[in-house]
Structures are given as structure tokens and as C-alpha cells.
$ cat model-v7.cif   # mmCIF, C-alpha atoms
data_data
#
loop_
_atom_site.label_atom_id
_atom_site.label_comp_id
_atom_site.auth_asym_id
_atom_site.auth_seq_id
_atom_site.Cartn_x
_atom_site.Cartn_y
_atom_site.Cartn_z
CA MET A 1 193.23 -21.19 51.64
CA ARG A 2 193.82 -17.89 49.88
CA SER A 3 191.13 -16.26 51.96
CA VAL A 4 193.02 -17.34 55.09
CA THR A 5 196.39 -16.01 54.03
CA SER A 6 195.28 -12.76 52.48
CA THR A 7 193.99 -10.87 55.46
CA VAL A 8 195.61 -8.48 57.90
CA LEU A 9 193.38 -9.93 60.60
CA THR A 10 195.06 -13.31 60.19
CA LEU A 11 198.45 -11.72 60.88
CA VAL A 12 197.02 -10.08 63.98
CA LEU A 13 195.45 -13.38 65.02
CA ILE A 14 198.81 -15.14 64.67
CA ALA A 15 200.49 -12.51 66.81
CA THR A 16 197.70 -12.76 69.39
CA TYR A 17 198.20 -16.52 69.69
CA VAL A 18 201.97 -16.11 69.92
CA GLY A 19 201.13 -13.78 72.84
CA ILE A 20 198.75 -16.33 74.39
CA GLY A 21 201.40 -19.06 74.11
CA ALA A 22 203.94 -16.77 75.80
CA LEU A 23 201.46 -15.79 78.50
CA ALA A 24 200.71 -19.47 79.21
CA HIS A 25 204.41 -20.20 79.60
CA ASP A 26 204.84 -17.28 82.01
CA THR A 27 201.84 -18.36 84.11
CA HIS A 28 203.20 -21.98 84.30
CA PHE A 29 200.65 -23.85 82.23
CA SER A 30 201.71 -26.87 80.15
CA LEU A 31 201.98 -26.69 76.36
CA GLY A 32 199.25 -29.35 76.06
CA TRP A 33 196.97 -27.24 78.23
CA VAL A 34 197.32 -24.07 76.18
CA LEU A 35 196.96 -25.98 72.88
CA ALA A 36 193.78 -27.58 74.22
CA SER A 37 192.53 -24.13 75.20
CA THR A 38 193.14 -22.83 71.67
CA LEU A 39 191.36 -25.85 70.19
CA PHE A 40 188.35 -25.95 72.52
CA VAL A 41 187.90 -22.37 73.76
CA TRP A 42 188.78 -20.75 70.42
CA ALA A 43 188.29 -17.16 71.57
CA GLY A 44 191.38 -15.00 72.11
CA PRO A 45 190.03 -12.58 74.74
CA ALA A 46 188.46 -15.45 76.73
CA GLN A 47 191.79 -17.30 76.73
CA ILE A 48 193.67 -14.20 77.88
CA ILE A 49 191.10 -13.63 80.66
CA LEU A 50 191.30 -17.33 81.66
CA LEU A 51 195.12 -17.31 81.78
CA THR A 52 195.35 -14.06 83.72
CA THR A 53 192.63 -14.87 86.27
CA LEU A 54 193.92 -18.43 86.92
CA GLY A 55 197.54 -17.21 86.81
CA SER A 56 196.82 -14.58 89.47
CA GLY A 57 195.53 -17.29 91.82
CA ALA A 58 191.78 -16.92 91.32
CA THR A 59 189.58 -20.00 91.87
CA ALA A 60 188.15 -21.96 88.94
CA LEU A 61 184.72 -20.57 89.81
CA GLN A 62 185.89 -16.92 89.64
CA ALA A 63 187.62 -17.63 86.32
CA ALA A 64 184.49 -19.37 84.99
CA ILE A 65 182.34 -16.33 85.85
CA ALA A 66 184.77 -13.90 84.19
CA VAL A 67 184.99 -16.04 81.04
CA THR A 68 181.22 -16.66 80.88
CA VAL A 69 180.59 -12.92 80.91
CA SER A 70 183.16 -12.23 78.20
CA ALA A 71 181.65 -15.06 76.10
CA ILE A 72 178.10 -13.68 76.04
CA ARG A 73 179.14 -11.72 72.94
CA LEU A 74 179.44 -15.06 71.08
CA PHE A 75 175.68 -15.57 71.32
CA PRO A 76 174.58 -12.62 69.17
CA MET A 77 177.54 -13.30 66.85
CA VAL A 78 176.28 -16.83 66.20
CA VAL A 79 172.70 -15.62 65.80
CA SER A 80 173.74 -12.98 63.26
CA VAL A 81 176.16 -15.10 61.22
CA LEU A 82 174.28 -18.43 60.95
CA PRO A 83 171.46 -17.10 58.73
CA MET A 84 174.15 -16.32 56.12
CA MET A 85 175.09 -20.02 55.94
CA ARG A 86 171.65 -21.55 56.18
CA THR A 87 169.55 -22.81 53.28
CA PRO A 88 165.95 -24.04 53.72
CA GLN A 89 167.31 -27.64 53.69
CA THR A 90 170.04 -27.10 56.28
CA LYS A 91 169.73 -29.20 59.43
CA ARG A 92 170.83 -27.79 62.75
CA ARG A 93 173.49 -30.48 63.39
CA GLN A 94 175.22 -29.56 60.13
CA LEU A 95 175.96 -26.18 61.69
CA ILE A 96 177.49 -27.40 64.99
CA LEU A 97 181.12 -27.33 63.83
CA ALA A 98 180.68 -23.98 62.06
CA THR A 99 179.11 -22.65 65.27
CA HIS A 100 182.13 -23.74 67.31
CA PHE A 101 184.41 -21.83 64.92
CA VAL A 102 182.54 -18.56 65.49
CA ALA A 103 184.85 -16.06 67.19
CA VAL A 104 185.67 -12.45 66.39
CA THR A 105 187.99 -13.05 63.43
CA LEU A 106 185.80 -15.64 61.72
CA TRP A 107 182.70 -13.55 62.40
CA VAL A 108 184.22 -10.44 60.80
CA GLU A 109 185.54 -12.48 57.87
CA CYS A 110 182.16 -14.13 57.28
CA PHE A 111 180.51 -10.76 56.78
CA ARG A 112 183.29 -9.76 54.40
CA LEU A 113 183.71 -13.01 52.44
CA LEU A 114 180.46 -15.02 52.53
CA PRO A 115 178.48 -12.69 50.24
CA HIS A 116 180.90 -13.74 47.45
CA VAL A 117 180.33 -17.48 48.10
CA PRO A 118 177.30 -19.34 46.70
CA ARG A 119 174.90 -20.04 49.56
CA GLU A 120 174.95 -23.85 49.25
CA ARG A 121 178.75 -23.90 49.58
CA ARG A 122 178.97 -21.55 52.57
CA ILE A 123 179.03 -24.19 55.35
CA ALA A 124 181.89 -26.04 53.67
CA TYR A 125 183.65 -22.70 53.13
CA VAL A 126 183.35 -21.81 56.83
CA HIS A 127 184.64 -25.28 57.84
CA GLY A 128 187.68 -24.75 55.62
CA LEU A 129 188.27 -21.22 56.89
CA GLY A 130 187.83 -22.34 60.52
CA ILE A 131 190.20 -25.32 60.24
CA GLY A 132 192.77 -23.18 58.42
CA LEU A 133 192.65 -20.49 61.09
CA LEU A 134 192.75 -23.11 63.86
CA LEU A 135 195.88 -24.81 62.46
CA VAL A 136 197.59 -21.45 62.05
CA CYS A 137 196.70 -20.51 65.63
CA LEU A 138 197.82 -23.86 67.11
CA THR A 139 201.19 -23.33 65.41
CA ALA A 140 201.37 -19.74 66.66
CA THR A 141 200.53 -20.87 70.21
CA THR A 142 203.37 -23.43 70.11
CA ILE A 143 205.84 -20.84 68.77
CA GLY A 144 204.83 -18.33 71.45
CA TYR A 145 205.19 -20.95 74.18
CA GLY A 146 208.65 -21.86 72.91
CA LEU A 147 209.78 -18.25 72.51
CA ALA A 148 208.46 -17.10 75.88
CA ALA A 149 211.65 -17.78 77.77
CA ASN A 150 213.64 -15.60 75.36
CA LEU A 151 211.02 -12.97 74.59
CA PRO A 152 212.04 -9.40 75.55
CA GLU A 153 209.41 -7.70 77.72
CA LEU A 154 208.90 -4.90 75.16
CA PHE A 155 208.13 -7.42 72.39
CA ALA A 156 205.72 -9.32 74.62
CA ALA A 157 203.94 -6.06 75.54
CA ALA A 158 203.66 -5.11 71.85
CA ILE A 159 202.07 -8.49 71.06
CA LEU A 160 199.56 -8.18 73.89
CA LEU A 161 198.60 -4.68 72.71
CA LEU A 162 197.70 -6.12 69.30
CA THR A 163 194.59 -7.84 70.67
CA PRO A 164 192.71 -4.73 71.87
CA LEU A 165 193.91 -2.62 68.91
CA ALA A 166 192.89 -5.14 66.25
CA PHE A 167 189.59 -6.04 67.91
CA LEU A 168 188.66 -2.38 68.31
CA LEU A 169 189.46 -1.43 64.72
CA SER A 170 187.97 -4.52 63.08
CA THR A 171 184.76 -3.97 65.04
CA ALA A 172 184.76 -0.28 64.12
CA ARG A 173 185.14 -1.23 60.46
CA ASN A 174 182.00 -3.38 60.64
CA CYS A 175 179.87 -0.66 62.26
CA ARG A 176 177.23 0.28 59.71
CA GLN A 177 174.83 2.40 61.69
CA LEU A 178 175.17 5.22 64.19
CA ALA A 179 173.77 2.88 66.86
CA ASP A 180 176.70 0.46 66.31
CA VAL A 181 179.31 3.23 66.58
CA LEU A 182 177.66 4.57 69.74
CA ALA A 183 177.49 1.07 71.27
CA LEU A 184 181.22 0.64 70.61
CA LEU A 185 182.26 4.02 72.03
CA LEU A 186 179.96 3.85 75.04
CA GLY A 187 180.99 0.25 75.75
CA LEU A 188 184.62 1.42 75.90
CA ALA A 189 183.85 4.48 78.00
CA LEU A 190 181.48 2.85 80.48
CA TYR A 191 183.67 -0.14 81.39
CA PRO A 192 186.20 1.82 83.53
CA LEU A 193 183.28 3.44 85.39
CA VAL A 194 181.49 0.16 86.09
CA ALA A 195 184.76 -1.64 86.94
CA MET A 196 185.18 0.63 89.95
CA PHE A 197 182.30 -1.17 91.66
CA HIS A 198 183.95 -4.63 91.32
CA THR A 199 180.72 -6.47 90.60
CA GLY A 200 182.35 -9.42 88.79
CA VAL A 201 179.96 -8.89 85.86
CA ASP A 202 181.34 -5.44 84.92
CA ILE A 203 181.45 -6.15 81.19
CA LEU A 204 177.83 -7.33 81.18
CA ILE A 205 176.63 -4.19 82.96
CA SER A 206 178.66 -1.74 80.85
CA GLY A 207 177.82 -3.59 77.63
CA VAL A 208 174.08 -3.71 78.15
CA SER A 209 173.88 -0.10 79.38
CA ALA A 210 175.99 1.12 76.46
CA ARG A 211 173.70 -0.76 74.12
CA THR A 212 170.55 0.61 75.73
CA ILE A 213 171.76 4.21 75.48
CA ALA A 214 172.81 3.69 71.84
CA TYR A 215 169.42 2.21 71.02
CA ALA A 216 167.62 5.08 72.74
CA VAL A 217 169.55 7.59 70.63
CA HIS A 218 168.80 5.57 67.48
CA TRP A 219 165.07 5.47 68.37
CA TRP A 220 165.00 9.19 69.21
CA ARG A 221 166.54 10.09 65.83
CA GLU A 222 164.03 7.90 64.00
CA GLN A 223 161.19 9.84 65.62
CA GLU A 224 162.32 13.20 64.25
CA MET B 1 202.28 -42.79 80.47
CA SER B 2 205.64 -41.71 79.14
CA ASP B 3 207.52 -38.79 80.68
CA TRP B 4 207.13 -36.77 77.52
CA ALA B 5 203.35 -37.05 77.53
CA ALA B 6 203.19 -36.25 81.25
CA HIS B 7 205.26 -33.15 80.68
CA PHE B 8 203.23 -32.13 77.62
CA ILE B 9 199.83 -32.46 79.28
CA GLY B 10 200.89 -31.46 82.78
CA ASP B 11 198.33 -31.60 85.54
CA TRP B 12 195.02 -33.39 84.82
CA HIS B 13 193.32 -31.14 87.34
CA ALA B 14 194.30 -28.11 85.23
CA LEU B 15 192.62 -29.69 82.20
CA LEU B 16 189.42 -30.13 84.21
CA VAL B 17 189.57 -26.42 85.11
CA LEU B 18 190.03 -25.64 81.41
CA LEU B 19 186.89 -27.63 80.61
CA VAL B 20 184.78 -25.97 83.32
CA ALA B 21 186.12 -22.41 83.21
CA GLY B 22 187.24 -22.19 79.57
CA PHE B 23 185.42 -24.52 77.20
CA LEU B 24 181.90 -24.68 78.69
CA PRO B 25 181.39 -20.92 79.31
CA ASN B 26 182.16 -20.20 75.64
CA GLU B 27 180.49 -23.20 74.03
CA VAL B 28 177.25 -22.70 75.97
CA TRP B 29 176.69 -19.26 74.39
CA ARG B 30 177.54 -20.54 70.91
CA MET B 31 175.10 -23.44 71.22
CA ILE B 32 172.34 -21.21 72.66
CA GLY B 33 172.87 -19.03 69.58
CA LEU B 34 172.57 -22.09 67.33
CA TRP B 35 169.44 -23.25 69.18
CA LEU B 36 167.58 -19.95 69.43
CA GLY B 37 168.83 -18.36 66.21
CA ALA B 38 167.14 -20.92 63.95
CA GLY B 39 164.00 -18.94 63.24
CA VAL B 40 165.56 -15.50 62.98
CA ASP B 41 165.48 -13.71 59.63
CA GLU B 42 168.73 -12.27 58.22
CA GLY B 43 167.59 -8.65 57.96
CA SER B 44 165.40 -8.44 61.06
CA GLU B 45 165.44 -5.58 63.56
CA LEU B 46 166.14 -8.16 66.31
CA LEU B 47 169.44 -9.07 64.64
CA VAL B 48 170.51 -5.44 64.39
CA TRP B 49 169.80 -5.26 68.11
CA VAL B 50 171.73 -8.39 69.19
CA ARG B 51 174.65 -7.50 66.93
CA ALA B 52 175.03 -4.18 68.69
CA ILE B 53 174.93 -5.95 72.09
CA ALA B 54 177.86 -8.06 70.87
CA THR B 55 179.65 -4.88 69.83
CA ALA B 56 179.14 -3.23 73.21
CA ILE B 57 180.28 -6.32 75.15
CA LEU B 58 183.35 -6.71 72.93
CA ALA B 59 184.10 -3.04 73.63
CA GLY B 60 183.97 -3.92 77.33
CA VAL B 61 186.45 -6.80 76.81
CA ILE B 62 188.79 -4.44 74.93
CA ALA B 63 188.50 -1.85 77.72
CA GLN B 64 189.22 -4.54 80.32
CA ILE B 65 192.47 -5.56 78.60
CA LEU B 66 193.51 -1.89 78.43
CA VAL B 67 192.49 -0.95 81.98
CA GLN B 68 193.67 -4.16 83.68
CA PRO B 69 196.45 -5.28 81.29
CA PRO B 70 197.69 -8.90 81.32
CA GLY B 71 201.34 -9.97 81.67
CA ALA B 72 203.99 -7.84 80.01
CA LEU B 73 201.49 -5.21 78.87
CA ALA B 74 201.29 -4.10 82.52
CA SER B 75 204.86 -2.79 82.14
CA VAL B 76 203.54 -0.08 79.79
CA PRO B 77 202.23 2.98 81.71
CA ASP B 78 198.43 3.57 81.63
CA TRP B 79 198.61 6.85 79.70
CA LEU B 80 200.85 5.32 77.04
CA ARG B 81 198.47 2.38 76.46
CA TYR B 82 195.51 4.73 76.08
CA MET B 83 197.48 7.09 73.83
CA ALA B 84 198.62 4.23 71.56
CA VAL B 85 195.02 3.01 71.11
CA ALA B 86 193.65 6.55 70.59
CA GLY B 87 196.43 7.33 68.07
CA GLY B 88 195.84 4.05 66.25
CA SER B 89 192.10 4.82 66.02
CA VAL B 90 192.73 8.30 64.60
CA VAL B 91 195.08 6.91 61.93
CA PHE B 92 192.51 4.18 61.18
CA MET B 93 189.88 6.86 60.45
CA VAL B 94 192.23 9.14 58.50
CA ALA B 95 193.52 6.20 56.42
CA ARG B 96 189.99 5.39 55.23
CA ARG B 97 189.36 2.61 57.76
CA SER B 98 192.58 0.70 57.16
CA ILE B 99 192.96 -1.81 60.01
CA PHE B 100 196.61 -2.34 59.10
CA ALA B 101 197.49 1.38 59.24
CA GLY B 102 195.66 1.76 62.56
CA VAL B 103 197.21 -1.28 64.25
CA ALA B 104 200.70 -0.50 62.96
CA SER B 105 200.66 3.14 64.09
CA GLY B 106 199.23 2.20 67.50
CA GLU B 107 202.07 -0.28 67.98
CA ILE B 108 204.68 2.22 66.78
CA LEU B 109 203.33 4.86 69.21
CA MET B 110 203.59 2.39 72.10
CA LEU B 111 207.11 1.26 71.15
CA ALA B 112 208.26 4.86 70.60
CA GLY B 113 206.81 5.86 73.97
CA LYS B 114 208.58 2.98 75.76
CA TRP B 115 211.84 3.82 74.00
CA TRP B 116 211.49 7.51 74.91
CA LEU B 117 210.83 6.60 78.56
CA GLY B 118 213.97 4.44 78.47
#

$ encode --input "model-v7.cif" --output "C-alpha cells"
Amino acid sequence: MRSVTSTVLTLVLIATYVGIGALAHDTHFSLGWVLASTLFVWAGPAQIILLTTLGSGATALQAAIAVTVSAIRLFPMVVSVLPMMRTPQTKRRQLILATHFVAVTLWVECFRLLPHVPRERRIAYVHGLGIGLLLVCLTATTIGYGLAANLPELFAAAILLLTPLAFLLSTARNCRQLADVLALLLGLALYPLVAMFHTGVDILISGVSARTIAYAVHWWREQE
Amino acid sequence: MSDWAAHFIGDWHALLVLLVAGFLPNEVWRMIGLWLGAGVDEGSELLVWVRAIATAILAGVIAQILVQPPGALASVPDWLRYMAVAGGSVVFMVARRSIFAGVASGEILMLAGKWWLG
């Protein structure tokens, strides 16, 4: 439990879920609905995208496409974090719950904390961390939903700004190679360009092209 | 069903939408990762590659929230949102990669800007 309480990211996560609760109230979703979304979706940006697209009157299909694209990032996250938890004896089904808990905060924390945990205890550790974070976030969602009616606009805006700020900086902190830094910067810069074409898969296009350029630069430097 | 439960859960149709547009799109990618990631070695070049794809796509999600802001964040002018994030990033780098310093100064910049605009 100490690893849950001792991180700045957890504070940011709490604030993000207060924001999501408030956003759900403002877009006329029920408390049960938004709590279920925290429990089952368990990805802050995806929940914000879901709430804003559905709240602005988009169809379920349009929302599903937008969320699917934003969720592609979970795939490489899972692929990169699971080998840290696996032992030669680990069965795939033992990892299902830990896999569900993978989202930005847990992913970042795994890279920071798991090297200090003995390998055979890592799955149990991630279950504990995930359940702790989930309970904290369910509480934060409820508080945000309850506060929404009385929340000043400035405060609500400040909470919503936390998500991009914290995600950007925590990702930047985990960048180890030039290629990672380039992928981050180019991904940021390319999105507004690609968004102008309204393809519906803007993030996918900007993300993959940013990655390709970053990899090309990495490869070109290796050749010298 | 009691009134309280009906009020708490709301519309069953909305829960179905949550399942189709919220839960499945996320869980599918996680489970594909679990399924395909089994044979991948921890230090492999492939992992470096997929991790950077995740980074670039997350950058796109961040950019989307900044460019097309949700809810109350839309009340903050474009230039002020960008300035707050840029300022927060600079402080983050100057303060030896402190996430707290970066997030806090970004927020303060945004609040100060809103206050100054009145």
C-alpha cells in the first residue's frame, strides 16, 4: 500500500478521476455508469474520449472507433510490461487480471517499482497495486460526480489540464533513448496536422508516422 | 428494482454502449498483448520498437485533449493551454525531470493566465 500512496502520479490520477466523475455528471451519465466505466475501461484518456464523444451526440459506433484507436497504445504497453512479471512457470491465465490493470499509471509504476520486487512475487504485487489504484479511482470518480454541480469552471478546467500534463511528463521521464524522445515530440507535433483531414483515425496515423520518422533517425545515427 | 438502484444505474442501453464502445475496444488490445507477447524477450529490439509506438500514440492522445479540449477545459483559450503545457515541460526539464514541479507550474501558469484575463 505504501507504493500506492507515495507517488505524485497517484495524486494526479485521483484528480483525473475527480475530473472524469465531474465530466460524467455534466454530460448526464448516471453514477453507476461512470463507476462501471472506471472499473471496466480503466484508462483515463479512453474514458474522457468516450464521455466527450457520446456527450456531444456521436453514435456508439463513432465513439467505439475513437476509443479503439486511443487504446492501441495498450497493446505495446502490455507486451513490454508482462515479461517483467513472468517466470518460466507462469501460465497465461494467471496474467489476465494483471493485464486488465495495465494503463498508463500502472505501466509507468511497473517500470519504476518492479525491479525492486522479487520476480516470483511480481504478479501478486501488481494485483495489489492495481486493486489499490482502482479503489482510489472509484472513490475519486464518486467525489467528482458529487462535486460537479458545485465545481467552479476554473477548478474543473484545472483538473482536466492535469491529464495531458501528467501523461506528457511521466512519459517523457520514461524516455531512455533518442528514438523515444523523438517519437514523443513528433507524436505531439503531427497530431494537429493530421487532425485537419478528419480521418477518424488521426491518432493512429500521427502516431505511426511519428514512430517511423523517429526510428529512421535512430537507424541513420547507428549507421554513422 | 428499487428507485435508488434505477437512479444509480440509469439507462440499461447506456451500459450496453459502455460495453461496446468503452470496455471492448480497450480490453481487446490488452488481451492481444497478452496473447502475442508471450514469446517476446524482455530486452529485444522488437520491444523497444513497440514501446516507442505506444509513446507516439499516447502523444497523439495528449495532443487531442489539448487541441480539442473536453468540457470546462474548452473555456481556456488555445494559446493559454499550449503555453501552460510548454511552461510545465520546461520546468520539468530544468527541475531535473520532476513530474511534480512540471505539473504544478503548468497548472499555475494556466490559473494565472485565466486570472489575468479576468

$ closest_residue --input "model-v7.cif" --among "A:Cys137, A:Ile96, A:Leu31, A:Val108" --to "Ala172 of chain A" --atoms "only C-alpha atoms"
A:Val108

$ resolve_selection --input "model-v7.cif" --expression "the PyMOL selection byres ((chain B and resi 91-106) around 12)" --output "PDB file with C-alpha atoms, in the frame of the given file"
ATOM      1  CA  THR A   7     193.990 -10.870  55.460  1.00  0.00           C
ATOM      2  CA  VAL A   8     195.610  -8.480  57.900  1.00  0.00           C
ATOM      3  CA  LEU A   9     193.380  -9.930  60.600  1.00  0.00           C
ATOM      4  CA  THR A  10     195.060 -13.310  60.190  1.00  0.00           C
ATOM      5  CA  LEU A  11     198.450 -11.720  60.880  1.00  0.00           C
ATOM      6  CA  VAL A  12     197.020 -10.080  63.980  1.00  0.00           C
ATOM      7  CA  ALA A  15     200.490 -12.510  66.810  1.00  0.00           C
ATOM      8  CA  ALA A 158     203.660  -5.110  71.850  1.00  0.00           C
ATOM      9  CA  ILE A 159     202.070  -8.490  71.060  1.00  0.00           C
ATOM     10  CA  LEU A 161     198.600  -4.680  72.710  1.00  0.00           C
ATOM     11  CA  LEU A 162     197.700  -6.120  69.300  1.00  0.00           C
ATOM     12  CA  THR A 163     194.590  -7.840  70.670  1.00  0.00           C
ATOM     13  CA  PRO A 164     192.710  -4.730  71.870  1.00  0.00           C
ATOM     14  CA  LEU A 165     193.910  -2.620  68.910  1.00  0.00           C
ATOM     15  CA  ALA A 166     192.890  -5.140  66.250  1.00  0.00           C
ATOM     16  CA  PHE A 167     189.590  -6.040  67.910  1.00  0.00           C
ATOM     17  CA  LEU A 168     188.660  -2.380  68.310  1.00  0.00           C
ATOM     18  CA  LEU A 169     189.460  -1.430  64.720  1.00  0.00           C
ATOM     19  CA  SER A 170     187.970  -4.520  63.080  1.00  0.00           C
ATOM     20  CA  THR A 171     184.760  -3.970  65.040  1.00  0.00           C
ATOM     21  CA  ALA A 172     184.760  -0.280  64.120  1.00  0.00           C
ATOM     22  CA  ARG A 173     185.140  -1.230  60.460  1.00  0.00           C
ATOM     23  CA  ASN A 174     182.000  -3.380  60.640  1.00  0.00           C
ATOM     24  CA  CYS A 175     179.870  -0.660  62.260  1.00  0.00           C
TER      25      CYS A 175
ATOM     26  CA  LEU B  80     200.850   5.320  77.040  1.00  0.00           C
ATOM     27  CA  ARG B  81     198.470   2.380  76.460  1.00  0.00           C
ATOM     28  CA  TYR B  82     195.510   4.730  76.080  1.00  0.00           C
ATOM     29  CA  MET B  83     197.480   7.090  73.830  1.00  0.00           C
ATOM     30  CA  ALA B  84     198.620   4.230  71.560  1.00  0.00           C
ATOM     31  CA  VAL B  85     195.020   3.010  71.110  1.00  0.00           C
ATOM     32  CA  ALA B  86     193.650   6.550  70.590  1.00  0.00           C
ATOM     33  CA  GLY B  87     196.430   7.330  68.070  1.00  0.00           C
ATOM     34  CA  GLY B  88     195.840   4.050  66.250  1.00  0.00           C
ATOM     35  CA  SER B  89     192.100   4.820  66.020  1.00  0.00           C
ATOM     36  CA  VAL B  90     192.730   8.300  64.600  1.00  0.00           C
ATOM     37  CA  GLU B 107     202.070  -0.280  67.980  1.00  0.00           C
ATOM     38  CA  ILE B 108     204.680   2.220  66.780  1.00  0.00           C
ATOM     39  CA  LEU B 109     203.330   4.860  69.210  1.00  0.00           C
ATOM     40  CA  MET B 110     203.590   2.390  72.100  1.00  0.00           C
ATOM     41  CA  LEU B 111     207.110   1.260  71.150  1.00  0.00           C
ATOM     42  CA  ALA B 112     208.260   4.860  70.600  1.00  0.00           C
ATOM     43  CA  GLY B 113     206.810   5.860  73.970  1.00  0.00           C
TER      44      GLY B 113
END

$ interface_residues --input "model-v7.cif" --of "chain B" --to "chain A" --cutoff "7 Å" --atoms "only C-alpha atoms" --output "ChimeraX atom specification"
/B:8-10,15,17-18,20-23,25-27,29-30,32-34,37,41-42,47,50-63,65,70-73,85,89,97,99-100,103,107

$ write_last_selection --input "model-v7.cif" --atoms "C-alpha atoms" --output "short mmCIF file (atom, residue, chain, number, x, y, z; two decimals), in the coordinates of the input"
data_model
loop_
_atom_site.label_atom_id
_atom_site.label_comp_id
_atom_site.auth_asym_id
_atom_site.auth_seq_id
_atom_site.Cartn_x
_atom_site.Cartn_y
_atom_site.Cartn_z
CA PHE B 8 203.23 -32.13 77.62
CA ILE B 9 199.83 -32.46 79.28
CA GLY B 10 200.89 -31.46 82.78
CA LEU B 15 192.62 -29.69 82.20
CA VAL B 17 189.57 -26.42 85.11
CA LEU B 18 190.03 -25.64 81.41
CA VAL B 20 184.78 -25.97 83.32
CA ALA B 21 186.12 -22.41 83.21
CA GLY B 22 187.24 -22.19 79.57
CA PHE B 23 185.42 -24.52 77.20
CA PRO B 25 181.39 -20.92 79.31
CA ASN B 26 182.16 -20.20 75.64
CA GLU B 27 180.49 -23.20 74.03
CA TRP B 29 176.69 -19.26 74.39
CA ARG B 30 177.54 -20.54 70.91
CA ILE B 32 172.34 -21.21 72.66
CA GLY B 33 172.87 -19.03 69.58
CA LEU B 34 172.57 -22.09 67.33
CA GLY B 37 168.83 -18.36 66.21
CA ASP B 41 165.48 -13.71 59.63
CA GLU B 42 168.73 -12.27 58.22
CA LEU B 47 169.44 -9.07 64.64
CA VAL B 50 171.73 -8.39 69.19
CA ARG B 51 174.65 -7.50 66.93
CA ALA B 52 175.03 -4.18 68.69
CA ILE B 53 174.93 -5.95 72.09
CA ALA B 54 177.86 -8.06 70.87
CA THR B 55 179.65 -4.88 69.83
CA ALA B 56 179.14 -3.23 73.21
CA ILE B 57 180.28 -6.32 75.15
CA LEU B 58 183.35 -6.71 72.93
CA ALA B 59 184.10 -3.04 73.63
CA GLY B 60 183.97 -3.92 77.33
CA VAL B 61 186.45 -6.80 76.81
CA ILE B 62 188.79 -4.44 74.93
CA ALA B 63 188.50 -1.85 77.72
CA ILE B 65 192.47 -5.56 78.60
CA PRO B 70 197.69 -8.90 81.32
CA GLY B 71 201.34 -9.97 81.67
CA ALA B 72 203.99 -7.84 80.01
CA LEU B 73 201.49 -5.21 78.87
CA VAL B 85 195.02 3.01 71.11
CA SER B 89 192.10 4.82 66.02
CA ARG B 97 189.36 2.61 57.76
CA ILE B 99 192.96 -1.81 60.01
CA PHE B 100 196.61 -2.34 59.10
CA VAL B 103 197.21 -1.28 64.25
CA GLU B 107 202.07 -0.28 67.98
#

$ atom_distance --input "model-v7.cif" --atom1 "atom CA of Leu46 of chain B" --atom2 "atom CA of Gly128 of chain A"
29.2 Å

$ atom_distance --input "model-v7.cif" --atom1 "atom CA of Gln89 of chain A" --atom2 "atom CA of Leu24 of chain B"
29.1 Å

$ atom_distance --input "model-v7.cif" --atom1 "atom CA of Pro115 of chain A" --atom2 "atom CA of Thr87 of chain A"
13.8 Å

$ resolve_selection --input "model-v7.cif" --expression "the PyMOL selection byres ((chain A and resi 144) around 7)" --output "number ranges by chain"
A: 18-19, 21-22, 140-143, 145-148

$ resolve_selection --input "model-v7.cif" --expression "the PyMOL selection byres ((chain A and resi 126) around 9)" --output "compact mmCIF listing (two decimals) with C-alpha atoms, in the coordinates of the input"
# COMPACT_ATOMS: atom_id res chain seq x y z
CA MET A 85 175.09 -20.02 55.94
CA ALA A 98 180.68 -23.98 62.06
CA PHE A 101 184.41 -21.83 64.92
CA LEU A 106 185.80 -15.64 61.72
CA CYS A 110 182.16 -14.13 57.28
CA LEU A 114 180.46 -15.02 52.53
CA ARG A 121 178.75 -23.90 49.58
CA ARG A 122 178.97 -21.55 52.57
CA ILE A 123 179.03 -24.19 55.35
CA ALA A 124 181.89 -26.04 53.67
CA TYR A 125 183.65 -22.70 53.13
CA HIS A 127 184.64 -25.28 57.84
CA GLY A 128 187.68 -24.75 55.62
CA LEU A 129 188.27 -21.22 56.89
CA GLY A 130 187.83 -22.34 60.52
CA ILE A 131 190.20 -25.32 60.24

$ build_atoms --input "model-v7.cif" --residues "segment 93-106 of chain B" --atoms "N, CA and C atoms" --output "PDB file, keeping the file's coordinate frame"
ATOM      1  N   MET B  93     190.938   6.057  61.082  1.00  0.00           N
ATOM      2  CA  MET B  93     189.880   6.860  60.450  1.00  0.00           C
ATOM      3  C   MET B  93     190.432   7.706  59.306  1.00  0.00           C
ATOM      4  N   VAL B  94     191.619   8.307  59.532  1.00  0.00           N
ATOM      5  CA  VAL B  94     192.230   9.140  58.500  1.00  0.00           C
ATOM      6  C   VAL B  94     192.584   8.292  57.277  1.00  0.00           C
ATOM      7  N   ALA B  95     193.082   7.074  57.516  1.00  0.00           N
ATOM      8  CA  ALA B  95     193.520   6.200  56.420  1.00  0.00           C
ATOM      9  C   ALA B  95     192.358   5.402  55.840  1.00  0.00           C
ATOM     10  N   ARG B  96     191.183   6.012  55.805  1.00  0.00           N
ATOM     11  CA  ARG B  96     189.990   5.390  55.230  1.00  0.00           C
ATOM     12  C   ARG B  96     189.744   3.978  55.758  1.00  0.00           C
ATOM     13  N   ARG B  97     189.683   3.866  57.083  1.00  0.00           N
ATOM     14  CA  ARG B  97     189.360   2.610  57.760  1.00  0.00           C
ATOM     15  C   ARG B  97     190.305   1.472  57.414  1.00  0.00           C
ATOM     16  N   SER B  98     191.599   1.764  57.359  1.00  0.00           N
ATOM     17  CA  SER B  98     192.580   0.700  57.160  1.00  0.00           C
ATOM     18  C   SER B  98     192.978   0.123  58.511  1.00  0.00           C
ATOM     19  N   ILE B  99     192.626  -1.172  58.733  1.00  0.00           N
ATOM     20  CA  ILE B  99     192.960  -1.810  60.010  1.00  0.00           C
ATOM     21  C   ILE B  99     194.479  -1.886  60.157  1.00  0.00           C
ATOM     22  N   PHE B 100     195.157  -2.191  59.038  1.00  0.00           N
ATOM     23  CA  PHE B 100     196.610  -2.340  59.100  1.00  0.00           C
ATOM     24  C   PHE B 100     197.274  -1.036  59.542  1.00  0.00           C
ATOM     25  N   ALA B 101     196.889   0.084  58.897  1.00  0.00           N
ATOM     26  CA  ALA B 101     197.490   1.380  59.240  1.00  0.00           C
ATOM     27  C   ALA B 101     197.235   1.712  60.711  1.00  0.00           C
ATOM     28  N   GLY B 102     196.008   1.444  61.176  1.00  0.00           N
ATOM     29  CA  GLY B 102     195.660   1.760  62.560  1.00  0.00           C
ATOM     30  C   GLY B 102     196.446   0.933  63.563  1.00  0.00           C
ATOM     31  N   VAL B 103     196.497  -0.385  63.323  1.00  0.00           N
ATOM     32  CA  VAL B 103     197.210  -1.280  64.250  1.00  0.00           C
ATOM     33  C   VAL B 103     198.698  -0.951  64.258  1.00  0.00           C
ATOM     34  N   ALA B 104     199.264  -0.763  63.052  1.00  0.00           N
ATOM     35  CA  ALA B 104     200.700  -0.500  62.960  1.00  0.00           C
ATOM     36  C   ALA B 104     201.070   0.795  63.667  1.00  0.00           C
ATOM     37  N   SER B 105     200.283   1.873  63.460  1.00  0.00           N
ATOM     38  CA  SER B 105     200.660   3.140  64.090  1.00  0.00           C
ATOM     39  C   SER B 105     200.446   3.109  65.603  1.00  0.00           C
ATOM     40  N   GLY B 106     199.414   2.366  66.055  1.00  0.00           N
ATOM     41  CA  GLY B 106     199.230   2.200  67.500  1.00  0.00           C
ATOM     42  C   GLY B 106     200.427   1.511  68.133  1.00  0.00           C
TER      43      GLY B 106
END
